[in-house]
Each structure stands twice: as structure tokens, then as C-alpha cells.
>>> print(open('my_file_18.cif').read())   # mmCIF, C-alpha atoms and all ligand atoms
data_structure
#
loop_
_atom_site.label_atom_id
_atom_site.label_comp_id
_atom_site.auth_asym_id
_atom_site.auth_seq_id
_atom_site.Cartn_x
_atom_site.Cartn_y
_atom_site.Cartn_z
CA MET H 62 83.22 152.70 150.92
CA VAL H 63 83.72 156.08 149.31
CA SER H 64 80.37 156.03 147.52
CA ARG H 65 78.32 155.06 150.59
CA VAL H 66 77.10 156.71 153.75
CA THR H 67 78.37 155.64 157.18
CA ASP H 68 75.01 154.03 158.01
CA ASP H 69 75.91 151.32 155.50
CA TYR H 70 78.89 150.27 157.65
CA LEU H 71 76.55 150.07 160.64
CA ASP H 72 74.05 147.97 158.67
CA MET H 73 76.80 145.64 157.45
CA ILE H 74 78.28 144.99 160.87
CA THR H 75 74.76 144.48 162.27
CA ALA H 76 74.09 141.90 159.57
CA GLY H 77 77.25 139.98 160.49
CA CYS H 78 79.65 141.09 157.75
CA GLN H 79 83.23 140.23 158.70
CA ALA H 80 85.14 142.54 156.35
CA VAL H 81 84.67 144.98 153.52
CA CYS H 82 86.75 144.72 150.32
CA GLU H 83 86.53 147.88 148.25
CA PRO H 84 87.89 148.03 144.71
CA ALA H 85 89.08 151.25 143.09
CA PHE H 86 86.39 152.24 140.62
CA TRP H 87 84.83 155.12 138.75
CA ALA H 88 83.94 158.23 140.75
CA GLY H 89 80.76 158.79 138.72
CA PHE H 90 82.70 161.46 136.81
CA ASP H 91 86.14 161.49 135.15
CA ARG H 92 88.98 162.64 137.37
CA SER H 93 90.95 165.42 135.70
CA SER H 94 94.48 164.28 136.56
CA ALA H 95 96.64 161.61 138.16
CA ASP H 96 96.70 163.80 141.28
CA GLY H 97 93.00 163.05 141.72
CA PHE H 98 93.86 159.34 141.79
CA TYR H 99 96.68 159.90 144.29
CA ASP H 100 94.13 161.42 146.68
CA TYR H 101 91.69 158.61 145.94
CA PHE H 102 94.31 155.94 146.71
CA CYS H 103 95.06 157.72 150.02
CA GLN H 104 91.34 157.68 150.76
CA LEU H 105 91.12 153.93 150.01
CA THR H 106 94.21 152.99 152.01
CA GLU H 107 94.13 155.43 154.93
CA HIS H 108 90.80 157.15 155.46
CA GLU H 109 88.26 154.42 154.65
CA PRO H 110 89.95 151.79 156.87
CA LYS H 111 89.61 154.26 159.76
CA ARG H 112 85.96 154.99 158.96
CA ALA H 113 85.15 151.25 158.84
CA ALA H 114 87.24 150.54 161.97
CA LYS H 115 84.84 152.68 164.02
CA PHE H 116 82.37 149.84 163.46
CA GLY H 117 84.88 147.05 164.05
CA LEU H 118 84.82 146.26 160.33
CA PRO H 119 88.19 145.36 158.76
CA HIS H 120 88.57 147.29 155.49
CA PHE H 121 90.59 146.07 152.49
CA SER H 122 91.06 147.68 149.09
CA TRP H 123 92.18 147.08 145.51
CA LEU H 124 93.96 149.67 143.38
CA CYS H 125 93.87 150.61 139.69
CA ILE H 126 92.53 153.11 137.20
CA ASN H 127 89.16 151.66 136.25
CA PRO H 128 88.26 150.74 132.67
CA LYS H 129 85.78 153.63 132.36
CA GLU H 130 88.77 156.01 132.49
CA SER H 131 91.12 153.85 130.42
CA GLU H 132 90.52 155.50 127.06
CA ASP H 133 93.14 158.13 127.92
CA ILE H 134 96.37 156.10 127.77
CA LYS H 135 98.62 158.88 129.08
CA LEU H 136 96.42 159.40 132.15
CA ALA H 137 96.31 155.64 132.71
CA GLU H 138 100.10 155.37 132.54
CA ASP H 139 100.50 158.21 135.03
CA VAL H 140 98.04 156.56 137.43
CA ILE H 141 99.57 153.09 137.09
CA ALA H 142 102.95 154.62 137.91
CA LEU H 143 101.50 155.78 141.26
CA ILE H 144 100.26 152.36 142.32
CA PRO H 145 103.50 150.57 143.38
CA LYS H 146 104.11 152.95 146.27
CA PHE H 147 100.67 152.02 147.67
CA LEU H 148 101.01 148.25 147.29
CA ASP H 149 102.70 147.83 150.67
CA LYS H 150 99.84 149.50 152.52
CA PRO H 151 98.46 146.98 155.03
CA ASN H 152 94.93 146.89 153.55
CA VAL H 153 95.79 146.54 149.84
CA LEU H 154 94.86 143.10 148.48
CA GLY H 155 95.85 143.54 144.84
CA ILE H 156 95.08 145.18 141.51
CA GLY H 157 91.43 145.89 140.72
CA GLU H 158 88.86 146.34 139.54
CA ILE H 159 90.61 146.34 136.20
CA GLY H 160 89.01 145.05 133.02
CA LEU H 161 87.04 146.47 130.13
CA ASN H 162 84.02 148.74 129.77
CA LYS H 163 83.30 149.24 126.05
CA ASN H 164 85.89 146.70 124.80
CA SER H 165 88.04 149.31 123.04
CA ARG H 166 91.65 148.99 121.92
CA ASN H 167 92.88 151.49 124.49
CA GLU H 168 91.00 149.76 127.29
CA ILE H 169 92.78 146.55 126.30
CA LYS H 170 96.19 148.28 126.32
CA VAL H 171 95.52 149.59 129.83
CA LEU H 172 94.29 146.18 130.96
CA GLU H 173 97.59 144.68 129.72
CA LYS H 174 99.53 147.27 131.71
CA HIS H 175 97.57 146.42 134.86
CA VAL H 176 98.08 142.67 134.39
CA ASN H 177 101.78 143.32 133.92
CA LEU H 178 101.84 145.38 137.13
CA ALA H 179 100.13 142.55 139.00
CA ALA H 180 102.59 140.01 137.61
CA GLU H 181 105.64 142.12 138.46
CA HIS H 182 104.45 142.67 142.04
CA ASN H 183 102.84 139.24 142.55
CA GLN H 184 99.42 140.73 143.27
CA LEU H 185 95.94 139.19 143.26
CA ILE H 186 93.71 140.47 140.43
CA LEU H 187 90.08 141.57 140.59
CA VAL H 188 88.46 142.06 137.19
CA HIS H 189 85.38 144.05 136.24
CA THR H 190 83.53 142.72 133.20
CA PRO H 191 81.48 145.11 131.06
CA HIS H 192 77.75 145.37 131.53
CA LEU H 193 74.76 144.40 129.42
CA GLU H 194 75.41 143.89 125.69
CA ASP H 195 79.17 144.33 126.15
CA LYS H 196 79.66 141.64 128.81
CA LEU H 197 79.96 138.53 126.63
CA LYS H 198 82.57 139.99 124.29
CA GLY H 199 84.42 141.68 127.14
CA THR H 200 84.59 138.52 129.23
CA ARG H 201 86.07 136.61 126.29
CA LEU H 202 88.64 139.34 125.56
CA ILE H 203 89.63 139.61 129.23
CA THR H 204 89.96 135.90 129.94
CA ASP H 205 91.96 135.38 126.72
CA LEU H 206 94.32 138.22 127.61
CA ILE H 207 94.94 136.94 131.15
CA LYS H 208 95.32 133.32 130.03
CA ASN H 209 98.00 134.44 127.59
CA ASP H 210 100.14 135.92 130.39
CA LYS H 211 101.76 132.78 131.77
CA ARG H 212 103.04 134.66 134.83
CA ILE H 213 99.47 134.90 136.16
CA LYS H 214 98.07 131.92 138.05
CA PRO H 215 94.36 131.64 137.20
CA GLU H 216 93.38 130.79 140.79
CA ARG H 217 94.72 134.22 141.83
CA VAL H 218 92.24 136.03 139.57
CA ILE H 219 88.55 136.72 140.15
CA ILE H 220 86.41 137.74 137.18
CA ASP H 221 83.51 139.71 138.58
CA HIS H 222 79.92 140.41 137.54
CA VAL H 223 79.41 137.06 135.79
CA GLU H 224 75.95 136.18 134.52
CA GLU H 225 74.41 133.04 133.04
CA HIS H 226 76.10 133.54 129.66
CA THR H 227 79.61 134.19 131.03
CA VAL H 228 79.98 132.11 134.20
CA GLN H 229 81.06 128.95 132.40
CA ILE H 230 83.58 130.85 130.25
CA VAL H 231 85.24 132.05 133.47
CA LEU H 232 85.13 128.76 135.35
CA ASP H 233 86.67 126.94 132.35
CA THR H 234 89.78 129.14 132.68
CA GLY H 235 90.43 128.08 136.29
CA MET H 236 89.79 131.63 137.50
CA TRP H 237 87.25 132.51 140.18
CA ALA H 238 83.82 133.85 139.24
CA GLY H 239 82.18 136.69 141.16
CA MET H 240 78.43 137.28 141.06
CA THR H 241 77.60 140.89 141.82
CA LEU H 242 74.13 141.41 143.24
CA TYR H 243 72.14 144.43 142.12
CA PRO H 244 68.69 145.47 143.34
CA GLU H 245 67.72 146.29 139.77
CA SER H 246 68.94 145.86 136.19
CA LYS H 247 71.50 143.04 136.64
CA CYS H 248 72.02 139.83 138.68
CA SER H 249 69.36 139.23 141.35
CA PRO H 250 69.69 136.98 144.43
CA ALA H 251 67.41 134.36 142.85
CA ARG H 252 69.53 134.21 139.67
CA ALA H 253 72.77 134.04 141.65
CA ILE H 254 71.46 130.99 143.49
CA ASP H 255 70.31 129.50 140.17
CA MET H 256 73.87 129.81 138.87
CA VAL H 257 75.29 128.07 141.93
CA GLU H 258 72.76 125.26 141.52
CA MET H 259 73.66 124.89 137.83
CA TYR H 260 77.43 125.51 137.85
CA GLY H 261 78.47 124.40 141.35
CA ASN H 262 80.03 126.28 144.26
CA GLU H 263 83.74 125.53 143.92
CA ARG H 264 85.32 128.74 142.60
CA ILE H 265 82.46 131.19 142.87
CA TRP H 266 81.28 133.81 145.36
CA MET H 267 78.98 136.77 145.67
CA ASN H 268 79.43 140.44 146.35
CA CYS H 269 77.15 143.45 146.74
CA ALA H 270 77.15 146.30 144.25
CA CYS H 271 77.88 149.30 146.48
CA ASP H 272 78.36 152.07 143.98
CA TRP H 273 76.78 155.36 142.92
CA GLY H 274 73.73 153.67 141.50
CA ILE H 275 70.88 152.12 143.45
CA SER H 276 72.61 149.35 145.34
CA ASP H 277 72.33 147.34 148.52
CA PRO H 278 75.25 146.63 150.88
CA LEU H 279 73.17 143.85 152.47
CA ALA H 280 72.53 142.01 149.21
CA VAL H 281 74.78 139.10 150.24
CA PRO H 282 73.10 138.41 153.62
CA LYS H 283 69.71 138.77 151.92
CA THR H 284 70.80 136.20 149.33
CA ALA H 285 71.93 133.90 152.15
CA PHE H 286 68.40 134.18 153.52
CA GLU H 287 66.97 133.35 150.10
CA MET H 288 69.27 130.29 149.92
CA ARG H 289 67.77 129.14 153.20
CA LYS H 290 64.28 129.51 151.75
CA ARG H 291 65.43 127.39 148.80
CA GLY H 292 66.52 124.62 151.14
CA HIS H 293 70.31 125.06 150.92
CA SER H 294 72.14 123.73 153.98
CA ALA H 295 73.89 125.97 156.49
CA GLU H 296 77.21 124.51 155.28
CA ALA H 297 76.45 125.33 151.64
CA ILE H 298 75.49 128.89 152.54
CA ASP H 299 78.61 129.33 154.67
CA LYS H 300 80.78 128.04 151.84
CA LEU H 301 79.37 130.48 149.30
CA VAL H 302 79.15 133.62 151.43
CA TYR H 303 82.17 133.12 153.73
CA GLN H 304 84.53 130.19 153.10
CA ASN H 305 84.95 130.79 149.36
CA PRO H 306 85.83 134.50 149.63
CA LEU H 307 88.09 133.62 152.56
CA ARG H 308 89.86 130.97 150.47
CA PHE H 309 90.43 133.36 147.56
CA LEU H 310 91.37 136.44 149.58
CA SER H 311 93.67 134.52 151.93
CA GLN H 312 96.02 134.05 148.98
CA CYS H 313 97.10 137.58 149.94
CA SER H 314 99.00 137.29 153.23
CA LYS H 315 97.65 140.68 154.35
CA PHE H 316 94.08 139.38 154.41
CA LYS H 317 93.61 138.48 158.06
CA LEU H 318 90.34 138.58 159.98
CA PRO H 319 90.14 139.01 163.74
CA PRO H 320 89.17 135.77 165.53
CA ALA H 321 85.37 135.31 165.56
CA MET X 1137 63.23 121.79 145.94
CA THR X 1138 60.31 120.23 144.13
CA ARG X 1139 58.67 121.96 141.19
CA GLN X 1140 55.66 122.63 143.39
CA GLN X 1141 57.84 124.33 146.00
CA ILE X 1142 59.57 126.47 143.37
CA LEU X 1143 56.17 127.54 142.08
CA ASP X 1144 55.00 128.35 145.59
CA LEU X 1145 58.09 130.49 146.16
CA TYR X 1146 58.40 132.31 142.85
CA PHE X 1147 55.13 132.18 140.88
CA MET X 1148 53.60 135.40 142.20
CA ASP X 1149 56.81 137.33 141.59
CA ALA X 1150 57.16 135.94 138.05
CA ARG X 1151 53.49 136.63 137.32
CA CYS X 1152 53.97 140.24 138.36
CA LYS X 1153 57.04 140.58 136.10
CA LEU X 1154 55.18 138.94 133.21
CA ILE X 1155 52.36 141.48 133.42
CA ASP X 1156 54.88 144.31 133.69
CA LEU X 1157 56.50 142.98 130.53
CA ALA X 1158 53.17 142.80 128.69
CA ALA X 1159 52.27 146.32 129.83
CA PHE X 1160 55.68 147.57 128.64
CA ILE X 1161 55.11 146.14 125.16
CA ASP X 1162 51.59 147.65 125.08
CA ARG X 1163 53.08 151.02 126.09
CA VAL X 1164 55.70 150.85 123.33
CA GLU X 1165 53.11 149.86 120.73
CA ARG X 1166 50.67 152.59 121.84
CA SER X 1167 53.28 155.31 121.45
CA ALA X 1168 54.06 157.23 118.25
CA GLY X 1169 57.15 156.66 116.12
CA GLU X 1170 59.38 153.73 115.18
CA GLU X 1171 60.97 151.05 117.32
CA ASP X 1172 64.77 150.84 117.37
CA PHE X 1173 67.29 147.98 117.57
CA ARG X 1174 66.62 147.54 121.29
CA MET X 1175 63.02 146.49 120.71
CA LYS X 1176 64.06 144.25 117.83
CA ALA X 1177 66.51 142.46 120.14
CA PHE X 1178 63.92 142.41 122.90
CA ARG X 1179 61.37 140.66 120.68
CA GLN X 1180 63.99 138.11 119.58
CA ALA X 1181 64.85 137.48 123.22
CA LEU X 1182 61.16 137.04 124.06
CA SER X 1183 60.83 134.38 121.38
CA GLU X 1184 63.52 132.36 123.19
CA LEU X 1185 61.07 131.81 126.04
CA SER X 1186 58.61 129.82 123.96
CA LYS X 1187 61.07 127.56 122.15
CA GLY X 1188 61.03 124.89 124.84
CA GLU X 1189 64.83 124.86 125.14
CA THR X 1190 66.81 124.74 128.38
CA GLU X 1191 68.95 127.64 129.71
CA LYS X 1192 66.47 130.34 128.74
CA ALA X 1193 68.17 133.03 130.81
CA LYS X 1194 71.46 132.35 129.02
CA ARG X 1195 69.73 132.38 125.62
CA VAL X 1196 68.05 135.70 126.37
CA LEU X 1197 71.37 137.20 127.48
CA MET X 1198 73.10 135.90 124.34
CA THR X 1199 70.38 137.47 122.15
CA LEU X 1200 70.99 140.82 123.84
CA SER X 1201 74.81 140.58 123.52
CA ASP X 1202 77.33 141.97 121.06
CA PRO X 1203 78.40 138.77 119.23
CA THR X 1204 81.53 140.29 117.62
CA THR X 1205 85.04 139.47 118.80
CA GLU X 1206 87.23 142.38 117.67
CA PRO X 1207 87.87 145.33 120.02
CA ILE X 1208 86.24 148.59 118.92
CA ALA X 1209 88.51 151.42 117.71
CA ALA X 1210 87.68 153.75 120.60
CA ALA X 1211 85.14 154.11 123.39
CA THR X 1212 82.94 157.09 122.60
CA THR X 1213 80.53 156.56 125.49
CA LYS X 1214 80.75 154.94 128.92
CA ALA X 1215 77.27 153.48 129.14
CA ALA X 1216 75.82 150.30 127.70
CA CYS X 1217 72.26 150.40 126.35
CA GLY X 1218 71.17 146.80 126.91
CA ALA X 1219 71.07 145.54 123.33
CA TRP X 1220 73.50 145.34 120.42
CA PRO X 1221 72.92 148.04 117.77
CA GLY X 1222 73.84 145.55 115.03
CA THR X 1223 70.91 143.24 115.86
CA LYS X 1224 69.43 141.93 112.59
ZN ZN H 1301 82.72 146.48 138.36
#
>>> encode(input="my_file_18.cif", output="C-alpha cells", more="lines below")
Ligand SMILES: [Zn+2]
Amino acid sequence: MVSRVTDDYLDMITAGCQAVCEPAFWAGFDRSSADGFYDYFCQLTEHEPKRAAKFGLPHFSWLCINPKESEDIKLAEDVIALIPKFLDKPNVLGIGEIGLNKNSRNEIKVLEKHVNLAAEHNQLILVHTPHLEDKLKGTRLITDLIKNDKRIKPERVIIDHVEEHTVQIVLDTGMWAGMTLYPESKCSPARAIDMVEMYGNERIWMNCACDWGISDPLAVPKTAFEMRKRGHSAEAIDKLVYQNPLRFLSQCSKFKLPPA
Amino acid sequence: MTRQQILDLYFMDARCKLIDLAAFIDRVERSAGEEDFRMKAFRQALSELSKGETEKAKRVLMTLSDPTTEPIAAATTKAACGAWPGTK
């Protein structure tokens, strides 16, 4: 994980994590050219898998230009043109995390280009939804846009960072819902479990925010522990934290885990 | 879980957050100057808690959301601020 220290890989493997799936995202600053993305894609597909492999942790990645850098259409087009040559890399699962940030017209144009890329290359899609006051509108715009592209099968799309006001919108489309756990400011372990109790556990799973902000790579195992405290069965916990992601990710033939 | 068990598990944490919330409002009200749209939205969201309706978390999130449906012309910032500037 490019934004994390190596100790995080050690903590994850110690906690029983079976794989890490890292989406392309914002560097915390705007990259100045497509060349910066070329290097980043090499890092995601060559260097990070090696760094994780030292801990026996399979590393997978998703590629895109993230919505925070999608206002510049020319840059986005140049970056999207780079992606096809990386799609055959053994650890690439699909296109992501694409989506919207401020719900602007240019962000939508770039989202369309990414969805088209995924359709043309039959890739899974991982979608970032905007944060805070922009999430509701962004989730509606994103799900409408993807639904309108009949080449995309909804069960091959995960819409990430859902909260109580967007989870049903996503589930109604037939797409998967991702709950991203944050130590502060957004979805907490307790609220994630609330959503599972209210909306079911069929097409939903959890992931840890592991970015440049305060975040916790062990948020998922900690939430599993909280589920236990809440009386959820071992089977229910296994389904949410392991079987569901496995079911979604296994739609990409490259997603293979070593035997347990 | 029973209601009693939920209370045993979460009451102290919620109590702590409730007092933090009260102290935050005191702090805002003690300070000089005017409130902005964020506090207006915050107070509307707070009122959702005492209406006796279900899905309070969803209602609070909806109160703090941009309700419009048209894309904006251009993104001039990357960050979100937590409330919609158009809150009435
Ligand atoms: Zn994201």
C-alpha cells in the first residue's frame, strides 16, 4: 500500500488477512503529468506486490485516474490511454477506484471514459463515492450512469463507501455495496454492523480506509471482533469479512488465494 | 441482542459522545461572530433525533447532504465540508 508503512503489512498478516486489494487513488497532491501515473501504475503492479510478498500477503490492485484529478480532461485522457497495457499484469483486478468527488461535469465525463474502458476490456469496476455532503448526489449520479451502460453487469461493480443514506440505493441496482471503515469522521465499525443488520449481508462487504489520513489497516478484523460482541455467529462474520469479498473478487480469474 | 444488552455495550460510549456534542455547541455559542450554514444544518440534523422517527442516522445524513441532482459546472475544491452550503 503506497500510502502505508511496511509495519502495516506485518500487522495485517498477523491479524489473519489473506490478501490486500489496493485501488489507484489520490497521492495527497496532484500529479503533474501522465508520466507520474505511469510510474504509479508500475509501483502498484510491480513494486507493491513484492513488498507485500515479503510477508506472504498476496497483493492485488485496481487502476484508474481517481476522481480528485478528473477535472483536467486532457490529463485524464492521457492517463486512461496508459491503462490497457497494464491490464494484463497478474495482480490487476479491474478499473478503480473511479467515481466522483465533487460531482462536476468533467468528473462525470471521466467516469464515463473509465466505464467504457472497463466494458471494452471486460474488467471489474470499483467505485469511490464522494464524501460527506456530496455522497448522496454522487451515489445517485454514479449508479444512474453505470445502469445506463448495458454492457456492464451490475454484479461486477462494487460501489464503495456507502453509508446509511446510500446503501439501499446501491443494493437496489444489483451492484455490490462496500462499507469503508474509518477511525474518525465517517463509517465506524458499529455503524457498519448496524447496516448489515438492517439491510442484510448478501451483496455487501467491508474494507479498511488505508490512505493518507488517519486510518486503520486492521479496521476489518476489529469490526469482526465487534460483530462477535454483538452476538453474530462465526458463519455470519466469515460471510461478511471473507466469503463475500471472495465471491465478488473471484469474478476476476486472476484473483486466486493460496490454499489456507 | 436485547435492548438491555445493546445499552450495556454502547451506552457509555454514546453518553460520552453526547456530552462532547453538548460541549461543542456550548463552545460555538461562547465564541464571537456568526454561525454559518454548517451550524444551521447541524441544528436541523440534531432536531431529527427528537422526532421519534426510525432511521435517525439516515435522516441526519440526509439533512447534511446536497439534495440537488444536477452536476456542478466545475470542481473548484477537492474537499467536502460536511454540510450543504444551500441549507435553508
Ligand atoms: Zn475512495
>>> residues_near_ligand(input="my_file_18.cif", ligand="ligand ZN 1301 (chain H)", cutoff="12 Å", atoms="all atoms listed in the file", output="PyMOL selection string")
chain H and resi 83-87+123+125-129+157-162+187-192+196+219-223+239-243+247+268-274
>>> interface_residues(input="my_file_18.cif", of="chain X", to="chain H", cutoff="6 Å", atoms="all atoms listed in the file", output="VMD selection string")
chain X and resid 1194 1200 to 1202 1207 to 1211 1218 to 1220
>>> atom_distance(input="my_file_18.cif", atom1="atom CA of X:Ala1193", atom2="atom CA of H:Asp255")
10.2 Å
>>> residues_around(input="my_file_18.cif", residues="H:Leu307", least_positions_apart="5", cutoff="10 Å", atoms="only C-alpha atoms", output="list of chain:residue names")
H:Trp266, H:Lys300, H:Leu301, H:Val302, H:Gln312, H:Phe316, H:Lys317, H:Leu318
>>> residues_around(input="my_file_18.cif", residues="H:His182", least_positions_apart="5", cutoff="9 Å", atoms="all atoms listed in the file", output="mmCIF file with C-alpha atoms, in the frame of the given file")
data_model
loop_
_atom_site.group_PDB
_atom_site.id
_atom_site.type_symbol
_atom_site.label_atom_id
_atom_site.label_comp_id
_atom_site.auth_asym_id
_atom_site.auth_seq_id
_atom_site.Cartn_x
_atom_site.Cartn_y
_atom_site.Cartn_z
ATOM 1 C CA PRO H 145 103.500 150.570 143.380
ATOM 2 C CA LEU H 148 101.010 148.250 147.290
ATOM 3 C CA ASN H 177 101.780 143.320 133.920
#
>>> residues_around(input="my_file_18.cif", residues="stretch 1180-1187 of chain X", least_positions_apart="2", cutoff="6 Å", atoms="all atoms listed in the file", output="JSON, numbers by chain")
{"X": [1177, 1178, 1189, 1196, 1199]}
>>> residues_around(input="my_file_18.cif", residues="stretch 91-99 of chain H", least_positions_apart="6", cutoff="7 Å", atoms="only C-alpha atoms", output="VMD selection string")
chain H and resid 130 136 139 to 140
>>> write_last_selection(input="my_file_18.cif", atoms="C-alpha atoms", output="mmCIF file, in the coordinates of the input")
data_model
loop_
_atom_site.group_PDB
_atom_site.id
_atom_site.type_symbol
_atom_site.label_atom_id
_atom_site.label_comp_id
_atom_site.auth_asym_id
_atom_site.auth_seq_id
_atom_site.Cartn_x
_atom_site.Cartn_y
_atom_site.Cartn_z
ATOM 1 C CA GLU H 130 88.770 156.010 132.490
ATOM 2 C CA LEU H 136 96.420 159.400 132.150
ATOM 3 C CA ASP H 139 100.500 158.210 135.030
ATOM 4 C CA VAL H 140 98.040 156.560 137.430
#
>>> closest_residue(input="my_file_18.cif", among="H:Leu172, H:Met288, H:Val281, H:Ile265", to="H:Asn305", atoms="only C-alpha atoms")
H:Ile265
>>> atom_distance(input="my_file_18.cif", atom1="atom CA of X:Val1164", atom2="atom CA of X:Gly1222")
20.6 Å
>>> atom_distance(input="my_file_18.cif", atom1="atom CA of X:Leu1154", atom2="atom CA of X:Ile1142")
16.7 Å
>>> residues_near_point(input="my_file_18.cif", point="(99.0, 140.2, 138.7)", cutoff="10 Å", atoms="all atoms listed in the file", output="list in words")
Gly155, Ile156, Gly157, Lys174, His175, Val176, Asn177, Leu178, Ala179, Ala180, Glu181, His182, Asn183, Gln184, Leu185, Ile186, Leu187, Ile207, Asp210, Arg212, Ile213, Lys214, Pro215, Arg217 and Val218 of chain H
